[in-house]
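As provided, start_16.cif (mmCIF, C-alpha atoms) reads as follows.
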```cif
data_structure
loop_
_atom_site.label_atom_id
_atom_site.label_comp_id
_atom_site.auth_asym_id
_atom_site.auth_seq_id
_atom_site.Cartn_x
_atom_site.Cartn_y
_atom_site.Cartn_z
CA MET A 1 6.13 -13.71 -8.87
CA LEU A 2 6.58 -11.64 -12.00
CA ALA A 3 4.20 -9.09 -10.57
CA GLY A 4 6.45 -8.92 -7.51
CA VAL A 5 9.42 -8.17 -9.77
CA VAL A 6 7.44 -5.40 -11.47
CA GLY A 7 6.70 -3.97 -8.04
CA LEU A 8 10.38 -4.01 -7.09
CA VAL A 9 11.31 -2.24 -10.32
CA VAL A 10 8.64 0.39 -9.66
CA SER A 11 10.08 0.79 -6.17
CA ALA A 12 13.57 1.31 -7.63
CA ALA A 13 12.13 3.87 -10.04
CA PHE A 14 10.60 5.80 -7.14
CA LEU A 15 13.99 5.81 -5.41
CA GLN A 16 15.70 7.07 -8.55
CA PHE A 17 13.24 9.92 -8.93
CA SER A 18 13.61 11.36 -5.45
CA ALA A 19 10.72 9.61 -3.76
CA PRO A 20 12.34 7.62 -0.92
CA ASP A 21 9.08 7.36 1.04
CA LEU A 22 7.31 5.78 -1.89
CA ALA A 23 10.18 3.36 -2.53
CA LEU A 24 10.05 2.15 1.09
CA THR A 25 6.28 1.76 1.07
CA GLN A 26 6.21 0.03 -2.29
CA LEU A 27 8.91 -2.38 -1.10
CA ALA A 28 6.95 -3.30 2.02
CA VAL A 29 3.65 -3.59 0.16
CA GLU A 30 5.31 -5.84 -2.40
CA VAL A 31 6.11 -8.44 0.25
CA VAL A 32 2.55 -8.74 1.47
CA THR A 33 1.05 -8.50 -2.03
CA THR A 34 3.19 -11.39 -3.25
CA VAL A 35 2.02 -13.51 -0.32
CA LEU A 36 -1.57 -12.53 -1.13
CA LEU A 37 -1.22 -13.49 -4.79
CA LEU A 38 0.39 -16.82 -3.90
CA LEU A 39 -2.50 -17.53 -1.53
CA ALA A 40 -4.97 -16.82 -4.32
CA LEU A 41 -2.97 -18.98 -6.72
CA ALA A 42 -3.01 -21.86 -4.26
CA ALA A 43 -6.77 -21.69 -3.91
CA LEU A 44 -7.72 -21.17 -7.54
CA PRO A 45 -7.48 -24.00 -10.10
CA ARG A 46 -4.04 -24.53 -11.62
CA THR A 47 -4.94 -24.03 -15.25
CA GLY A 48 -8.12 -22.87 -16.86
CA PRO A 49 -8.99 -24.11 -20.32
CA ASP A 50 -8.04 -21.52 -22.89
CA GLU A 51 -11.45 -20.20 -23.81
CA SER A 52 -10.57 -17.08 -25.76
CA SER A 53 -10.84 -17.32 -29.51
CA PRO A 54 -7.98 -15.84 -31.56
CA LEU A 55 -10.32 -13.12 -32.77
CA ARG A 56 -11.13 -12.12 -29.23
CA ARG A 57 -7.51 -12.20 -28.15
CA SER A 58 -6.39 -9.98 -31.00
CA ARG A 59 -9.24 -7.59 -30.27
CA ASP A 60 -8.17 -7.40 -26.61
CA GLY A 61 -4.56 -6.98 -27.71
CA LEU A 62 -5.46 -4.06 -29.95
CA LEU A 63 -7.53 -2.48 -27.22
CA ALA A 64 -4.69 -2.89 -24.71
CA ALA A 65 -2.10 -1.51 -27.12
CA GLY A 66 -4.36 1.47 -27.79
CA PHE A 67 -4.74 2.20 -24.09
CA GLY A 68 -1.02 1.76 -23.48
CA LEU A 69 0.05 4.05 -26.31
CA GLY A 70 -2.49 6.67 -25.30
CA THR A 71 -1.42 6.72 -21.65
CA GLY A 72 2.26 6.70 -22.54
CA PHE A 73 1.77 9.57 -24.96
CA VAL A 74 -0.12 11.65 -22.41
CA ALA A 75 2.52 10.93 -19.76
CA LEU A 76 5.31 11.94 -22.14
CA ALA A 77 3.44 15.07 -23.21
CA VAL A 78 2.97 16.20 -19.62
CA MET A 79 6.49 15.34 -18.51
CA THR A 80 8.14 17.36 -21.24
CA ARG A 81 6.21 20.50 -20.33
CA PRO A 82 7.45 22.99 -17.75
CA LEU A 83 6.14 22.41 -14.26
CA GLU A 84 3.86 24.82 -12.47
CA THR A 85 3.07 23.34 -9.10
CA ILE A 86 1.16 24.44 -6.05
CA SER A 87 3.54 22.52 -3.82
CA TRP A 88 5.69 25.54 -2.97
CA TYR A 89 3.19 26.18 -0.17
CA PHE A 90 3.89 22.79 1.40
CA VAL A 91 7.65 23.13 0.89
CA GLU A 92 7.69 26.52 2.61
CA LYS A 93 5.31 25.72 5.44
CA SER A 94 6.43 22.18 6.26
CA VAL A 95 8.88 23.10 9.00
CA PRO A 96 7.22 26.23 10.47
CA LEU A 97 3.64 24.87 10.50
CA GLY A 98 4.04 21.09 10.52
CA GLY A 99 7.23 20.80 12.53
CA GLY A 100 8.73 18.15 10.25
CA ALA A 101 11.38 18.07 7.57
CA ASN A 102 9.89 15.19 5.59
CA ILE A 103 7.45 17.14 3.45
CA VAL A 104 5.60 14.06 2.19
CA ASN A 105 4.94 12.84 5.72
CA VAL A 106 3.92 16.29 6.91
CA ILE A 107 1.41 16.55 4.06
CA LEU A 108 0.01 13.14 4.97
CA VAL A 109 -0.43 13.55 8.71
CA ASP A 110 -0.89 17.30 8.90
CA PHE A 111 -1.92 19.40 5.92
CA ARG A 112 -4.02 16.70 4.30
CA GLY A 113 -4.85 14.84 7.50
CA TYR A 114 -8.51 14.71 6.59
CA ASP A 115 -7.74 12.80 3.39
CA THR A 116 -5.50 10.39 5.21
CA PHE A 117 -8.21 9.80 7.80
CA GLY A 118 -10.65 9.02 5.01
CA GLU A 119 -8.16 6.66 3.40
CA LEU A 120 -7.62 4.84 6.67
CA THR A 121 -11.37 4.35 6.88
CA VAL A 122 -11.37 2.87 3.38
CA LEU A 123 -8.52 0.56 4.32
CA VAL A 124 -10.23 -0.73 7.45
CA LEU A 125 -13.56 -1.11 5.64
CA ALA A 126 -11.90 -3.14 2.88
CA ALA A 127 -10.29 -5.36 5.50
CA LEU A 128 -13.64 -5.86 7.23
CA GLY A 129 -15.16 -6.73 3.85
CA VAL A 130 -12.48 -9.35 3.28
CA ALA A 131 -13.06 -10.80 6.74
CA ALA A 132 -16.80 -10.96 6.10
CA LEU A 133 -16.31 -12.68 2.74
CA ALA A 134 -13.76 -15.16 4.01
CA THR A 135 -15.52 -18.34 4.96
CA GLY A 136 -12.86 -20.70 6.18
CA SER A 137 -11.44 -21.00 9.63
CA ARG A 138 -7.94 -21.82 10.65
CA PRO A 139 -7.26 -25.56 10.81
CA ALA A 140 -6.88 -26.72 14.39
CA ARG A 141 -3.55 -28.39 13.75
CA PRO A 142 -1.21 -26.31 11.60
CA ALA A 143 0.62 -28.03 8.79
CA GLU A 144 4.24 -29.12 9.22
CA VAL A 145 6.38 -26.02 9.46
CA PRO A 146 9.97 -26.17 8.22
CA LEU A 147 12.35 -25.97 11.18
CA LEU A 148 14.38 -23.19 9.62
CA LEU A 149 11.28 -21.01 9.20
CA ALA A 150 10.15 -21.66 12.76
CA VAL A 151 13.54 -20.72 14.19
CA ALA A 152 14.09 -17.72 11.94
CA ALA A 153 10.62 -16.37 12.71
CA ARG A 154 11.40 -16.20 16.41
CA TRP A 155 14.54 -14.18 15.82
CA LEU A 156 13.02 -11.99 13.15
CA LEU A 157 10.10 -10.61 15.12
CA PRO A 158 12.03 -8.42 17.61
CA LEU A 159 14.35 -7.19 14.85
CA ALA A 160 11.44 -6.27 12.59
CA LEU A 161 9.60 -4.56 15.44
CA LEU A 162 12.75 -2.57 16.20
CA LEU A 163 13.01 -1.57 12.54
CA SER A 164 9.39 -0.48 12.44
CA ILE A 165 9.78 1.60 15.61
CA PHE A 166 12.82 3.22 14.02
CA LEU A 167 10.93 3.94 10.81
CA PHE A 168 7.98 5.27 12.78
CA GLY A 169 10.10 7.54 14.93
CA ARG A 170 12.03 9.15 12.10
CA GLY A 171 9.00 9.44 9.83
CA HIS A 172 8.38 13.12 10.41
CA ASN A 173 11.88 14.24 9.47
CA ALA A 174 13.29 11.48 7.26
CA PRO A 175 11.82 8.80 5.00
CA GLY A 176 9.58 6.53 7.06
CA GLY A 177 6.32 7.03 8.89
CA GLY A 178 3.22 5.25 10.05
CA PHE A 179 2.34 3.59 6.75
CA VAL A 180 5.65 1.90 6.09
CA ALA A 181 6.23 1.05 9.77
CA GLY A 182 2.82 -0.62 9.85
CA LEU A 183 3.62 -2.66 6.76
CA VAL A 184 6.98 -3.82 8.16
CA THR A 185 5.26 -4.94 11.36
CA ALA A 186 2.59 -6.72 9.34
CA ALA A 187 5.22 -8.56 7.31
CA ALA A 188 6.93 -9.71 10.52
CA LEU A 189 3.65 -10.86 12.05
CA LEU A 190 2.87 -12.66 8.82
CA ILE A 191 6.08 -14.70 9.11
CA GLN A 192 5.08 -15.53 12.68
CA TYR A 193 1.71 -16.65 11.45
CA MET A 194 3.21 -18.81 8.72
CA ALA A 195 5.57 -20.40 11.24
CA GLY A 196 2.60 -21.29 13.41
CA HIS A 197 3.61 -19.16 16.39
CA GLY A 198 1.32 -16.79 18.13
CA PRO A 199 -2.20 -17.02 19.44
CA ARG A 200 -4.30 -19.55 17.58
CA LEU A 201 -7.80 -18.56 18.59
CA ARG A 202 -9.80 -15.48 17.78
CA VAL A 203 -6.82 -14.04 16.00
CA ARG A 204 -9.04 -12.25 13.50
CA LEU A 205 -10.99 -10.53 16.24
CA ALA A 206 -7.71 -9.26 17.68
CA TYR A 207 -6.78 -7.66 14.34
CA VAL A 208 -10.23 -6.12 13.98
CA ARG A 209 -9.64 -4.52 17.37
CA ILE A 210 -6.18 -3.25 16.38
CA ALA A 211 -7.53 -1.69 13.20
CA ALA A 212 -10.44 -0.12 15.07
CA ALA A 213 -8.08 1.22 17.73
CA GLY A 214 -6.02 2.83 14.97
CA LEU A 215 -9.05 4.60 13.56
CA LEU A 216 -10.09 5.71 17.03
CA VAL A 217 -6.64 7.09 17.85
CA ALA A 218 -6.52 9.00 14.57
CA GLY A 219 -10.05 10.31 15.09
CA ALA A 220 -9.41 11.23 18.70
CA THR A 221 -6.34 13.22 17.62
CA GLY A 222 -8.58 15.18 15.29
CA ILE A 223 -11.28 15.72 17.90
CA GLY A 224 -8.62 16.80 20.39
CA ALA A 225 -8.16 19.93 18.32
CA TRP A 226 -11.74 20.96 19.20
CA PHE A 227 -10.79 21.43 22.84
CA PHE A 228 -8.41 24.17 21.76
CA GLY A 229 -11.08 25.82 19.67
CA LYS A 230 -9.54 24.72 16.38
CA PRO A 231 -11.15 22.85 13.48
CA PHE A 232 -11.02 19.05 13.22
CA LEU A 233 -7.50 17.63 12.77
CA THR A 234 -5.66 20.89 13.39
CA SER A 235 -2.24 19.82 14.53
CA ALA A 236 0.08 21.30 17.09
CA HIS A 237 3.71 20.68 17.79
CA GLY A 238 6.20 21.76 20.35
CA GLU A 239 9.38 20.74 22.01
CA PRO A 240 8.68 19.86 25.63
CA VAL A 241 11.82 19.45 27.72
CA LEU A 242 11.74 16.19 29.63
CA PRO A 243 14.05 15.25 32.47
CA VAL A 244 16.91 12.92 31.49
CA ILE A 245 16.02 12.77 27.79
CA GLY A 246 16.17 16.49 27.17
CA GLY A 247 14.30 18.36 24.46
CA LEU A 248 11.94 16.08 22.58
CA PRO A 249 10.27 17.37 19.44
CA LEU A 250 6.68 16.18 19.63
CA GLY A 251 3.56 16.94 17.70
CA SER A 252 -0.03 15.86 17.70
CA ALA A 253 0.77 14.57 14.22
CA MET A 254 2.75 11.87 15.95
CA ALA A 255 -0.40 10.57 17.63
CA PHE A 256 -2.20 10.68 14.30
CA ASP A 257 0.65 8.71 12.74
CA LEU A 258 0.29 6.17 15.53
CA GLY A 259 -3.33 5.77 14.49
CA VAL A 260 -2.19 5.27 10.89
CA TYR A 261 0.30 2.65 12.08
CA LEU A 262 -2.26 0.67 14.09
CA ALA A 263 -4.88 0.80 11.35
CA VAL A 264 -2.39 -0.39 8.72
CA VAL A 265 -1.15 -3.27 10.88
CA GLY A 266 -4.68 -4.35 11.79
CA ALA A 267 -6.15 -4.08 8.30
CA THR A 268 -3.21 -5.75 6.53
CA MET A 269 -3.10 -8.68 8.92
CA LEU A 270 -6.88 -9.04 8.85
CA ILE A 271 -6.84 -9.32 5.05
CA LEU A 272 -3.96 -11.79 4.99
CA VAL A 273 -5.15 -14.02 7.83
CA ALA A 274 -8.73 -14.15 6.59
CA GLU A 275 -7.58 -15.06 3.10
CA ALA A 276 -5.01 -17.58 4.28
CA ASP A 277 -7.76 -19.38 6.19
CA THR A 278 -10.07 -19.36 3.19
CA ALA A 279 -7.38 -20.59 0.84
CA ARG A 280 -6.48 -23.47 3.12
CA SER A 281 -9.93 -24.77 3.87
CA MET B 282 14.66 9.43 -19.23
CA GLU B 283 11.16 10.86 -19.68
CA PHE B 284 10.72 8.68 -22.74
CA LEU B 285 11.78 5.58 -20.85
CA VAL B 286 9.33 6.21 -17.99
CA ALA B 287 6.50 7.03 -20.40
CA GLY B 288 7.28 3.77 -22.19
CA ALA B 289 7.17 1.85 -18.91
CA ILE B 290 3.80 3.41 -18.07
CA ALA B 291 2.55 2.48 -21.55
CA VAL B 292 3.69 -1.15 -21.27
CA LEU B 293 2.24 -1.51 -17.74
CA THR B 294 -1.09 -0.04 -18.87
CA ALA B 295 -1.26 -2.24 -21.96
CA CYS B 296 -0.48 -5.43 -19.97
CA GLY B 297 -2.94 -4.37 -17.28
CA VAL B 298 -5.77 -3.74 -19.71
CA TYR B 299 -5.11 -6.96 -21.63
CA LEU B 300 -5.02 -9.07 -18.47
CA SER B 301 -8.16 -7.51 -17.02
CA LEU B 302 -10.02 -8.48 -20.20
CA ARG B 303 -9.29 -12.21 -19.58
CA GLY B 304 -12.04 -14.53 -18.49
CA ARG B 305 -10.42 -16.08 -15.41
CA THR B 306 -10.24 -14.28 -12.09
CA PHE B 307 -6.51 -14.57 -11.39
CA PRO B 308 -5.36 -12.77 -14.57
CA VAL B 309 -7.93 -10.08 -13.82
CA VAL B 310 -6.46 -9.60 -10.33
CA LEU B 311 -2.95 -9.39 -11.80
CA GLY B 312 -4.13 -6.98 -14.48
CA LEU B 313 -5.72 -4.62 -11.98
CA GLY B 314 -2.49 -4.74 -9.96
CA LEU B 315 -0.42 -3.79 -13.01
CA LEU B 316 -2.87 -0.98 -13.80
CA SER B 317 -2.44 0.40 -10.29
CA TYR B 318 1.36 0.38 -10.73
CA ALA B 319 0.90 2.29 -13.98
CA VAL B 320 -1.41 4.84 -12.38
CA ASN B 321 0.93 5.37 -9.41
CA LEU B 322 3.92 5.90 -11.71
CA PHE B 323 1.82 8.25 -13.82
CA ILE B 324 0.83 10.38 -10.83
CA VAL B 325 4.42 10.59 -9.60
CA ALA B 326 5.52 11.51 -13.11
CA MET B 327 3.05 14.41 -12.97
CA GLY B 328 5.44 15.96 -10.45
CA ARG B 329 8.16 15.63 -13.14
CA LEU B 330 11.19 13.39 -12.81
CA GLN B 331 13.84 14.86 -10.60
CA GLU B 332 16.89 12.99 -9.45
CA GLY B 333 18.68 13.47 -6.15
CA LEU B 334 16.20 16.02 -4.79
CA PRO B 335 14.18 14.14 -2.16
CA PRO B 336 11.48 16.28 -0.53
CA LEU B 337 13.24 16.53 2.81
CA VAL B 338 13.90 20.01 4.09
CA THR B 339 17.66 20.34 4.47
CA GLU B 340 20.12 23.21 4.61
CA GLY B 341 21.40 24.22 1.23
CA ALA B 342 19.25 21.92 -0.88
CA ASP B 343 18.81 23.31 -4.37
CA GLY B 344 15.14 22.53 -4.80
CA TYR B 345 12.93 19.58 -3.99
CA ALA B 346 10.98 17.02 -5.93
CA ASP B 347 7.27 17.78 -5.92
CA PRO B 348 6.00 16.32 -2.61
CA LEU B 349 2.28 16.55 -3.38
CA PRO B 350 1.94 13.67 -5.90
CA GLN B 351 4.18 11.57 -3.68
CA ALA B 352 1.88 12.06 -0.69
CA LEU B 353 -1.11 11.11 -2.84
CA VAL B 354 0.59 7.98 -4.17
CA LEU B 355 1.81 6.85 -0.75
CA THR B 356 -1.74 6.27 0.43
CA ALA B 357 -2.75 4.97 -3.00
CA ILE B 358 -0.17 2.18 -2.69
CA VAL B 359 -1.64 0.98 0.61
CA ILE B 360 -5.22 1.36 -0.61
CA GLY B 361 -4.23 -0.59 -3.72
CA PHE B 362 -3.11 -3.43 -1.51
CA ALA B 363 -6.44 -3.38 0.34
CA ALA B 364 -8.32 -3.36 -2.96
CA THR B 365 -6.29 -6.34 -4.19
CA GLY B 366 -7.11 -8.15 -0.95
CA LEU B 367 -10.80 -7.42 -1.38
CA ILE B 368 -10.93 -8.56 -5.00
CA ILE B 369 -9.07 -11.77 -4.15
CA ALA B 370 -11.58 -12.40 -1.37
CA VAL B 371 -14.39 -11.93 -3.90
CA ALA B 372 -12.64 -14.32 -6.31
CA LEU B 373 -12.26 -16.95 -3.58
CA ALA B 374 -15.88 -16.55 -2.52
CA LEU B 375 -16.96 -16.87 -6.16
CA ARG B 376 -14.95 -20.05 -6.46
CA ALA B 377 -16.46 -21.41 -3.26
CA THR B 378 -20.06 -20.72 -4.23
CA THR B 379 -20.07 -21.46 -7.98
CA GLY B 380 -17.15 -23.88 -8.28
CA THR B 381 -15.59 -22.01 -11.19
CA ASP B 382 -13.06 -19.23 -11.50
CA HIS B 383 -14.66 -17.70 -14.56
CA VAL B 384 -15.65 -14.07 -14.07
CA ASP B 385 -19.21 -14.76 -15.25
CA GLY B 386 -19.71 -17.31 -12.49
CA GLU B 387 -20.25 -20.15 -14.99
CA GLU B 388 -18.13 -21.94 -17.56
CA PRO B 389 -18.58 -20.57 -21.09
CA SER B 390 -21.27 -22.59 -22.84
CA GLU B 391 -19.55 -23.23 -26.20
#
```
Structure rendered as structure tokens:
Amino acid sequence: MLAGVVGLVVSAAFLQFSAPDLALTQLAVEVVTTVLLLLALAALPRTGPDESSPLRRSRDGLLAAGFGLGTGFVALAVMTRPLETISWYFVEKSVPLGGGANIVNVILVDFRGYDTFGELTVLVLAALGVAALATGSRPARPAEVPLLLAVAARWLLPLALLLSIFLFGRGHNAPGGGFVAGLVTAAALLIQYMAGHGPRLRVRLAYVRIAAAGLLVAGATGIGAWFFGKPFLTSAHGEPVLPVIGGLPLGSAMAFDLGVYLAVVGATMLILVAEADTARS
Amino acid sequence: MEFLVAGAIAVLTACGVYLSLRGRTFPVVLGLGLLSYAVNLFIVAMGRLQEGLPPLVTEGADGYADPLPQALVLTAIVIGFAATGLIIAVALALRATTGTDHVDGEEPSE
């Protein structure tokens, strides 16, 4: 719980220091992390015997204080120096080359798309590792679910999905994007899962498929660039004029972001569901 | 303000290191989580602290906060969650196979 509070404070700090994307993401991650920690707490023994001797504890304390002071000093030293950044390139090229006003998102899905693709792979691999380690299976009959939770979960799902679509759609030009939209969806699905709604069987397999689909979509977006004779993950954007809707700014980065979204939803839910089953059995 | 943030990073790091030196798995998980908060804050602080200058291209904005560290940290936050999930899974598997939550896999012999 306290860790959750720390996370919220960090999120507020990001907001204060002009990082709205980070604040949103941290906020959404905090929800799922707190659930994860509570699951672990439920499965691990309540109290361990205090096995550390005073000598050992003071040694650890000294070590920790040393690390803390050192890091704080370095951080302070860097922050009080003038800034010479290479980011001017991204700031200047974000709109002409990436077609988006949210520089952070454009860096993620466009300029540094290769990195993001690698990170997605790490995410999905970690989720698969969790699923492989998790031994338990979901009990056939779910425990008694509070009525309020069951009712609220039904109403919350469409609202949360709407919110995540909104966040996804505005991600390229305003704070939002595939990562945070995926986390919001995962949080909503998690409430569904806790309330006992949704498909009971083979639910893990479904999330493996979602995560894999995300990776495939992101990869296919990159490979698509080959057909235009460009290197992997080169992005394009344009503004096709559709009937009825009118001009619609679109980019291949959008498809890549969709891959990010799917992979995040799949991996997050896979981790949570696999661990919830282990903790309960 | 710089001093305050540096202090926060210092406290987070110190708590993280102390907790990860504990013998039980849950404090270690918590400690690694706190360390990842500290590292994320540190990386963002490398772009300097700027207030009211979000990195969104707008007409007439007088400068932007450094977007590069923010992009790095955004993925780091999500990866950090996945890493926490993985380490908790390892802790649960350890508990299931050895019956203890001590990081050595056995209760201390003293």
Could you check which of B:Val384, B:Ala326, B:Val359, B:Leu313 is closest to Phe284 (chain B), using only C-alpha atoms?
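The shortest atom-to-atom distance to Phe284 (chain B) comes from B:Ala326.
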Which one of B:Thr378, B:Thr365, B:Asn321, B:Thr294 sits closest to chain A if you count only C-alpha atoms?
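Answer, going by the shortest atom-to-atom distance: B:Thr294.
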Near region 75-81 of chain A, within 10 Å and counting all atoms listed in the file, which residues show up once chain neighbours fewer than 2 positions away are dropped, as a list in words?
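In the requested form, the answer reads Leu69, Gly70, Thr71, Gly72, Phe73, Leu83 and Glu84 of chain A; Glu283, Phe284, Leu285, Val286, Ala287, Gly288, Ile290, Ala291, Leu322, Phe323, Ile324, Ala326, Met327, Gly328, Arg329 and Leu330 of chain B.
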Which is closer to Asp277 (chain A) than all the others in B:Asp347, B:Asp385, B:Leu373, B:Thr379, using all atoms listed in the file?
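Answer, going by the shortest atom-to-atom distance: B:Leu373.
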Here CA of Ala357 (chain B) and CA of Ala295 (chain B) stand apart by 20.3 Å
Close residues, Pro158 (chain A) itself excluded, 10 Å, only C-alpha atoms, min 6 positions apart in chain, as a list in words
Ser164, Thr185 and Ala188 of chain A
Rounded to one decimal, what separation in Å do you get between CA of Leu375 (chain B) and CA of Ala134 (chain A)?
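Those two atoms sit 10.8 Å apart.
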Could you tell me how far CA of Arg209 (chain A) sits from CA of Ile360 (chain B), in Å to one decimal place?
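Taking CA of Ile360 (chain B) and CA of Arg209 (chain A), their separation equals 19.4 Å.
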Residues around (-6.3, -11.6, -15.7), cut-off 12 Å, counting all atoms listed in the file - what are they as a list in words?
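With a cut-off of 12 Å, the residues come to Ala3, Gly48 and Asp60 of chain A; Cys296, Gly297, Val298, Tyr299, Leu300, Ser301, Leu302, Arg303, Gly304, Arg305, Thr306, Phe307, Pro308, Val309, Val310, Leu311, Gly312, Leu313, Gly314, Leu315, Leu316, Ile369, Ala372, Asp382, His383 and Val384 of chain B.
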Restricting the output to C-alpha atoms, write the selected residues as a PDB file, in the coordinates of the input.
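Everything below was put into part-v7.pdb:
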```pdb
ATOM      1  CA  ALA A   3       4.200  -9.090 -10.570  1.00  0.00           C
ATOM      2  CA  GLY A  48      -8.120 -22.870 -16.860  1.00  0.00           C
ATOM      3  CA  ASP A  60      -8.170  -7.400 -26.610  1.00  0.00           C
TER       4      ASP A  60
ATOM      5  CA  CYS B 296      -0.480  -5.430 -19.970  1.00  0.00           C
ATOM      6  CA  GLY B 297      -2.940  -4.370 -17.280  1.00  0.00           C
ATOM      7  CA  VAL B 298      -5.770  -3.740 -19.710  1.00  0.00           C
ATOM      8  CA  TYR B 299      -5.110  -6.960 -21.630  1.00  0.00           C
ATOM      9  CA  LEU B 300      -5.020  -9.070 -18.470  1.00  0.00           C
ATOM     10  CA  SER B 301      -8.160  -7.510 -17.020  1.00  0.00           C
ATOM     11  CA  LEU B 302     -10.020  -8.480 -20.200  1.00  0.00           C
ATOM     12  CA  ARG B 303      -9.290 -12.210 -19.580  1.00  0.00           C
ATOM     13  CA  GLY B 304     -12.040 -14.530 -18.490  1.00  0.00           C
ATOM     14  CA  ARG B 305     -10.420 -16.080 -15.410  1.00  0.00           C
ATOM     15  CA  THR B 306     -10.240 -14.280 -12.090  1.00  0.00           C
ATOM     16  CA  PHE B 307      -6.510 -14.570 -11.390  1.00  0.00           C
ATOM     17  CA  PRO B 308      -5.360 -12.770 -14.570  1.00  0.00           C
ATOM     18  CA  VAL B 309      -7.930 -10.080 -13.820  1.00  0.00           C
ATOM     19  CA  VAL B 310      -6.460  -9.600 -10.330  1.00  0.00           C
ATOM     20  CA  LEU B 311      -2.950  -9.390 -11.800  1.00  0.00           C
ATOM     21  CA  GLY B 312      -4.130  -6.980 -14.480  1.00  0.00           C
ATOM     22  CA  LEU B 313      -5.720  -4.620 -11.980  1.00  0.00           C
ATOM     23  CA  GLY B 314      -2.490  -4.740  -9.960  1.00  0.00           C
ATOM     24  CA  LEU B 315      -0.420  -3.790 -13.010  1.00  0.00           C
ATOM     25  CA  LEU B 316      -2.870  -0.980 -13.800  1.00  0.00           C
ATOM     26  CA  ILE B 369      -9.070 -11.770  -4.150  1.00  0.00           C
ATOM     27  CA  ALA B 372     -12.640 -14.320  -6.310  1.00  0.00           C
ATOM     28  CA  ASP B 382     -13.060 -19.230 -11.500  1.00  0.00           C
ATOM     29  CA  HIS B 383     -14.660 -17.700 -14.560  1.00  0.00           C
ATOM     30  CA  VAL B 384     -15.650 -14.070 -14.070  1.00  0.00           C
TER      31      VAL B 384
END
```
Could you tell me which of A:Ala64, A:Tyr207, A:Thr278, A:Ala255 comes closest to Leu44 (chain A) if we count only C-alpha atoms?
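For Leu44 (chain A), the nearest of the given residues is A:Thr278.
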Counting all atoms listed in the file, which of B:Gly380, B:Ser317, B:Val292, B:Gly361 gets nearest to chain A?
B:Val292
What residues come out when you apply the PyMOL selection byres ((chain A and resi 257) around 8) to this file, written as a VMD selection string?
chain A and resid 109 177 to 178 218 253 to 256 258 to 261
Using the chain letters and numbers from this file, what does the PyMOL selection byres ((chain A and resi 36) around 12) select? Give the answer as a PyMOL selection string.
(chain A and resi 1+3-4+29-35+37-43+187+190+268-279) or (chain B and resi 307+310-311+314+362-370+373)
